[in-house]
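Input: a single structure, listed below in structure tokens.
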Amino acid sequence: MKTEQLAVETVPTRAWADTRGALRRWNGRPSVVLRPWALASLAVGVLLLAATWAIASLSTPDPSGAAFPGVTYRATVEDYGFVLFRNGLVLALHSLACVAGFMAGSSLPQVAEGYHGVWRRVHELAGPLAIGFVALATLFSLFTQAYALGGHASTLAADLDVSPFVLVLGILPHALPELFALFLPLAAWTLASRAGRWEELLAATFVTTAIAIPILLLAGAVEVWVSPRLLLTLSGG
């Protein structure tokens, strides 16, 4: 068997061994592992909401108005489904970023050991390029969400005749847990990559995604059926 073939075939075995090992270690001290991820993800959520408020304050409201289920029209189950679909796409992007980080930092260096010359160099460069892609995907997600949320918040605040700050307070019950859940995988990716623990990223993907899904299910229900009532109360409607 060629050296490169052996290296490629041993990667899945080593990956699953690393993943199972990480899960066993974390099971013995879950709070120690989850606390840094949770704090980092919460910090990102707060910063994104602050950016949303800043963009909303600086943006010109859309004269055609904003659509918000439960506020501008009667909320339906279809609206809940759309919220889950939208958040599911974002969570999938962030989870795949975690997997890409695992492949770039852990699997590709293992595969590179089986090659020589130019092909080895190609595999060695693939890791940093993949990590750069993950970083760009993270920044893209942050900027696009802040811009989209801020523009929509500006228009909705104008429709309700409230300030953007009051509007952000009104959406806080669903927005903060929603953003916390969505950015949990990226928080785990960032902390693990900074510590050089690339082999733990696949396990981190499983754990953070499993935690995020029920939070998003609940946050979506709050967004469609609870937050609208709070917004109408704050606007005096």
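We label chains A, B, ... in the order they appear in the structure tokens, count residues from 1 in each chain, and number ligands from 1 in the order shown.
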
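Counting only C-alpha atoms, Leu202 in chain A has the following residues at most 8 Å away, ignoring those fewer than 3 positions along the same chain: Thr19, Cys98, Val99, Phe102, Glu199, Thr205 and Phe206 of chain A.
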
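Residues lying within 10 Å of Ser227 in chain A, counting only C-alpha atoms and ignoring same-chain neighbours fewer than 6 positions away, are Pro69, Gly70, Val71, Leu169, Gly170, Ile171, Leu172, Pro173, His174, Ala175, Ala219, Gly220, Ala221 and Thr233 of chain A.
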
Margin query: Here is a test: counting only C-alpha atoms, which residue of A:Ala146, A:Ala75, A:Ala100, A:Ala210 is nearest to Arg229 in chain A?
Written below: A:Ala75

Do you know which residues are at most 10 Å from Asp159 in chain A counting only C-alpha atoms, after dropping those on the same chain fewer than 5 positions away, and could you put them as an mmCIF file with C-alpha atoms, in the first residue's frame?
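Written out: selection_7.cif:
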```cif
data_model
loop_
_atom_site.group_PDB
_atom_site.id
_atom_site.type_symbol
_atom_site.label_atom_id
_atom_site.label_comp_id
_atom_site.auth_asym_id
_atom_site.auth_seq_id
_atom_site.Cartn_x
_atom_site.Cartn_y
_atom_site.Cartn_z
ATOM 1 C CA PRO A 61 -36.545 53.639 7.020
ATOM 2 C CA ASP A 62 -38.001 52.006 3.940
ATOM 3 C CA PRO A 63 -41.112 54.026 2.974
ATOM 4 C CA SER A 64 -42.847 50.836 1.840
ATOM 5 C CA GLY A 65 -42.869 49.617 5.449
ATOM 6 C CA ALA A 66 -41.716 46.442 7.161
ATOM 7 C CA ALA A 67 -43.352 43.052 7.464
ATOM 8 C CA VAL A 71 -47.231 42.976 14.253
ATOM 9 C CA THR A 72 -48.040 44.000 10.701
ATOM 10 C CA ALA A 153 -35.274 47.278 12.549
ATOM 11 C CA SER A 154 -35.076 50.863 11.284
ATOM 12 C CA SER A 235 -45.533 51.079 20.915
#
```

Next item on the list: Find, counting only C-alpha atoms, the residue in A:Ala203, A:Leu179, A:Leu218, A:Leu230 that gets nearest to Ala43 in chain A.
Entry: A:Leu179

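With only C-alpha atoms as the atoms that count, the residue of A:Leu91, A:Val33, A:Leu232, A:Ala187 with the shortest distance to Asp161 in chain A is A:Leu232.
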
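Ranking A:Leu231, A:Leu89, A:Leu42, A:Ala22 by their shortest atom-to-atom distance to Ser163 in chain A, with only C-alpha atoms included, puts A:Leu231 first.
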
Checklist line | Between CA of Ala135 in chain A and CA of Leu48 in chain A - distance in Å to one decimal | finding: 16.7 Å

Notebook entry, point to check: Gly21 in chain A: which residues within 12 Å, counting only C-alpha atoms, same-chain residues fewer than 6 positions away excluded, as a ChimeraX atom specification?
Noted result: /A:14-15,27-28,199-204

Next item on the list: Go through A:Phe180, A:Phe85, A:Trp198, A:Trp225 one by one, measure the shortest atom-to-atom distance of each to Leu39 in chain A using only C-alpha atoms, and give the residue with the smallest value.
Entry: A:Phe180

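Here CA of Leu160 in chain A stands at a distance of 11.2 Å from CA of Pro228 in chain A.
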
Notebook entry, point to check: Which one of A:Thr144, A:Thr76, A:Thr155, A:Thr138 sits closest to Ser95 in chain A if you count only C-alpha atoms?
Noted result: A:Thr138

Check: Quick one: distance from CA of Val207 in chain A to CA of Trp37 in chain A in Å, one decimal?
Finding: 10.9 Å

Next item on the list: Using only C-alpha atoms, determine which residues lie at most 10 Å from Trp53 in chain A, disregarding the query and same-chain residues fewer than 2 positions distant; provide the list as an NGL selection string.
Entry: :A and (47-51 or 55-59 or 146 or 149-151 or 153-154 or 163-169)

Write out, as a short mmCIF file (atom, residue, chain, number, x, y, z; two decimals), in the first residue's frame, the residues just selected, with all heavy atoms.
```
data_model
loop_
_atom_site.label_atom_id
_atom_site.label_comp_id
_atom_site.auth_asym_id
_atom_site.auth_seq_id
_atom_site.Cartn_x
_atom_site.Cartn_y
_atom_site.Cartn_z
N LEU A 47 -22.99 41.89 20.95
CA LEU A 47 -22.35 42.80 20.00
C LEU A 47 -23.16 42.95 18.72
O LEU A 47 -23.27 44.05 18.16
CB LEU A 47 -20.94 42.31 19.68
CG LEU A 47 -19.89 42.46 20.78
CD1 LEU A 47 -18.58 41.79 20.36
CD2 LEU A 47 -19.66 43.93 21.12
N LEU A 48 -23.74 41.84 18.26
CA LEU A 48 -24.53 41.90 17.04
C LEU A 48 -25.81 42.71 17.25
O LEU A 48 -26.23 43.47 16.37
CB LEU A 48 -24.87 40.49 16.57
CG LEU A 48 -25.51 40.35 15.18
CD1 LEU A 48 -24.70 41.11 14.13
CD2 LEU A 48 -25.60 38.88 14.80
N LEU A 49 -26.41 42.57 18.41
CA LEU A 49 -27.59 43.38 18.72
C LEU A 49 -27.22 44.86 18.84
O LEU A 49 -27.99 45.74 18.41
CB LEU A 49 -28.25 42.89 20.01
CG LEU A 49 -29.05 41.59 19.89
CD1 LEU A 49 -29.53 41.13 21.26
CD2 LEU A 49 -30.24 41.78 18.96
N ALA A 50 -26.06 45.13 19.42
CA ALA A 50 -25.60 46.52 19.51
C ALA A 50 -25.35 47.09 18.11
O ALA A 50 -25.70 48.25 17.82
CB ALA A 50 -24.33 46.60 20.35
N ALA A 51 -24.77 46.27 17.23
CA ALA A 51 -24.55 46.70 15.84
C ALA A 51 -25.88 46.91 15.13
O ALA A 51 -26.04 47.85 14.33
CB ALA A 51 -23.72 45.66 15.10
N ILE A 55 -26.88 50.40 13.41
CA ILE A 55 -27.25 50.49 12.00
C ILE A 55 -28.67 50.99 11.83
O ILE A 55 -28.97 51.81 10.95
CB ILE A 55 -27.08 49.12 11.32
CG1 ILE A 55 -25.59 48.75 11.29
CG2 ILE A 55 -27.66 49.12 9.90
CD1 ILE A 55 -25.33 47.34 10.80
N ALA A 56 -29.57 50.53 12.70
CA ALA A 56 -30.96 50.99 12.64
C ALA A 56 -31.06 52.48 12.92
O ALA A 56 -31.88 53.19 12.31
CB ALA A 56 -31.81 50.21 13.64
N SER A 57 -30.23 52.97 13.85
CA SER A 57 -30.26 54.39 14.18
C SER A 57 -29.74 55.26 13.04
O SER A 57 -30.16 56.41 12.89
CB SER A 57 -29.42 54.64 15.44
OG SER A 57 -29.92 53.91 16.54
N LEU A 58 -28.83 54.71 12.22
CA LEU A 58 -28.23 55.47 11.14
C LEU A 58 -28.93 55.25 9.80
O LEU A 58 -28.67 55.99 8.85
CB LEU A 58 -26.75 55.08 10.99
CG LEU A 58 -25.85 55.38 12.20
CD1 LEU A 58 -24.47 54.78 11.98
CD2 LEU A 58 -25.76 56.88 12.44
N SER A 59 -29.80 54.26 9.72
CA SER A 59 -30.44 53.91 8.45
C SER A 59 -31.70 54.74 8.22
O SER A 59 -32.36 55.20 9.16
CB SER A 59 -30.80 52.43 8.42
OG SER A 59 -29.65 51.63 8.54
N ALA A 146 -25.96 41.73 10.66
CA ALA A 146 -26.06 43.05 11.27
C ALA A 146 -26.72 44.04 10.32
O ALA A 146 -27.59 44.83 10.71
CB ALA A 146 -24.68 43.54 11.69
N LEU A 149 -30.53 42.96 9.75
CA LEU A 149 -31.33 43.20 10.95
C LEU A 149 -31.46 44.70 11.22
O LEU A 149 -32.54 45.17 11.61
CB LEU A 149 -30.68 42.52 12.16
CG LEU A 149 -30.74 40.98 12.18
CD1 LEU A 149 -29.90 40.44 13.33
CD2 LEU A 149 -32.18 40.51 12.32
N GLY A 150 -30.37 45.44 11.02
CA GLY A 150 -30.42 46.88 11.27
C GLY A 150 -31.36 47.60 10.33
O GLY A 150 -32.14 48.46 10.75
N GLY A 151 -31.31 47.26 9.04
CA GLY A 151 -32.21 47.90 8.08
C GLY A 151 -33.67 47.58 8.36
O GLY A 151 -34.53 48.47 8.30
N ALA A 153 -34.91 46.66 11.27
CA ALA A 153 -35.27 47.28 12.55
C ALA A 153 -35.58 48.76 12.38
O ALA A 153 -36.50 49.29 13.02
CB ALA A 153 -34.15 47.08 13.56
N SER A 154 -34.83 49.44 11.52
CA SER A 154 -35.08 50.86 11.28
C SER A 154 -36.48 51.10 10.74
O SER A 154 -37.20 51.99 11.21
CB SER A 154 -34.03 51.40 10.30
OG SER A 154 -34.33 52.73 9.91
N SER A 163 -38.34 54.28 19.08
CA SER A 163 -36.92 54.42 18.74
C SER A 163 -36.33 53.04 18.45
O SER A 163 -36.84 52.02 18.91
CB SER A 163 -36.17 55.06 19.92
OG SER A 163 -36.13 54.17 21.03
N PRO A 164 -35.24 53.00 17.68
CA PRO A 164 -34.58 51.72 17.44
C PRO A 164 -34.16 51.01 18.72
O PRO A 164 -34.18 49.78 18.80
CB PRO A 164 -33.36 52.09 16.59
CG PRO A 164 -33.79 53.33 15.87
CD PRO A 164 -34.65 54.07 16.87
N PHE A 165 -33.78 51.78 19.74
CA PHE A 165 -33.39 51.17 21.01
C PHE A 165 -34.56 50.44 21.66
O PHE A 165 -34.41 49.31 22.15
CB PHE A 165 -32.85 52.24 21.96
CG PHE A 165 -32.41 51.69 23.30
CD1 PHE A 165 -31.22 50.98 23.39
CD2 PHE A 165 -33.18 51.88 24.43
CE1 PHE A 165 -30.80 50.45 24.62
CE2 PHE A 165 -32.77 51.37 25.65
CZ PHE A 165 -31.59 50.66 25.75
N VAL A 166 -35.72 51.07 21.66
CA VAL A 166 -36.92 50.43 22.22
C VAL A 166 -37.28 49.19 21.42
O VAL A 166 -37.68 48.16 21.97
CB VAL A 166 -38.10 51.42 22.25
CG1 VAL A 166 -39.40 50.71 22.61
CG2 VAL A 166 -37.82 52.55 23.24
N LEU A 167 -37.12 49.28 20.11
CA LEU A 167 -37.42 48.11 19.26
C LEU A 167 -36.49 46.95 19.61
O LEU A 167 -36.94 45.80 19.72
CB LEU A 167 -37.26 48.48 17.80
CG LEU A 167 -37.60 47.33 16.84
CD1 LEU A 167 -39.11 47.19 16.69
CD2 LEU A 167 -36.96 47.51 15.49
N VAL A 168 -35.19 47.23 19.77
CA VAL A 168 -34.25 46.17 20.12
C VAL A 168 -34.63 45.54 21.46
O VAL A 168 -34.54 44.32 21.64
CB VAL A 168 -32.81 46.71 20.16
CG1 VAL A 168 -31.85 45.68 20.75
CG2 VAL A 168 -32.35 47.08 18.75
N LEU A 169 -35.07 46.37 22.40
CA LEU A 169 -35.53 45.82 23.68
C LEU A 169 -36.74 44.90 23.48
O LEU A 169 -36.87 43.87 24.14
CB LEU A 169 -35.92 46.95 24.64
CG LEU A 169 -34.78 47.79 25.22
CD1 LEU A 169 -35.35 48.87 26.14
CD2 LEU A 169 -33.80 46.91 25.99
#
```
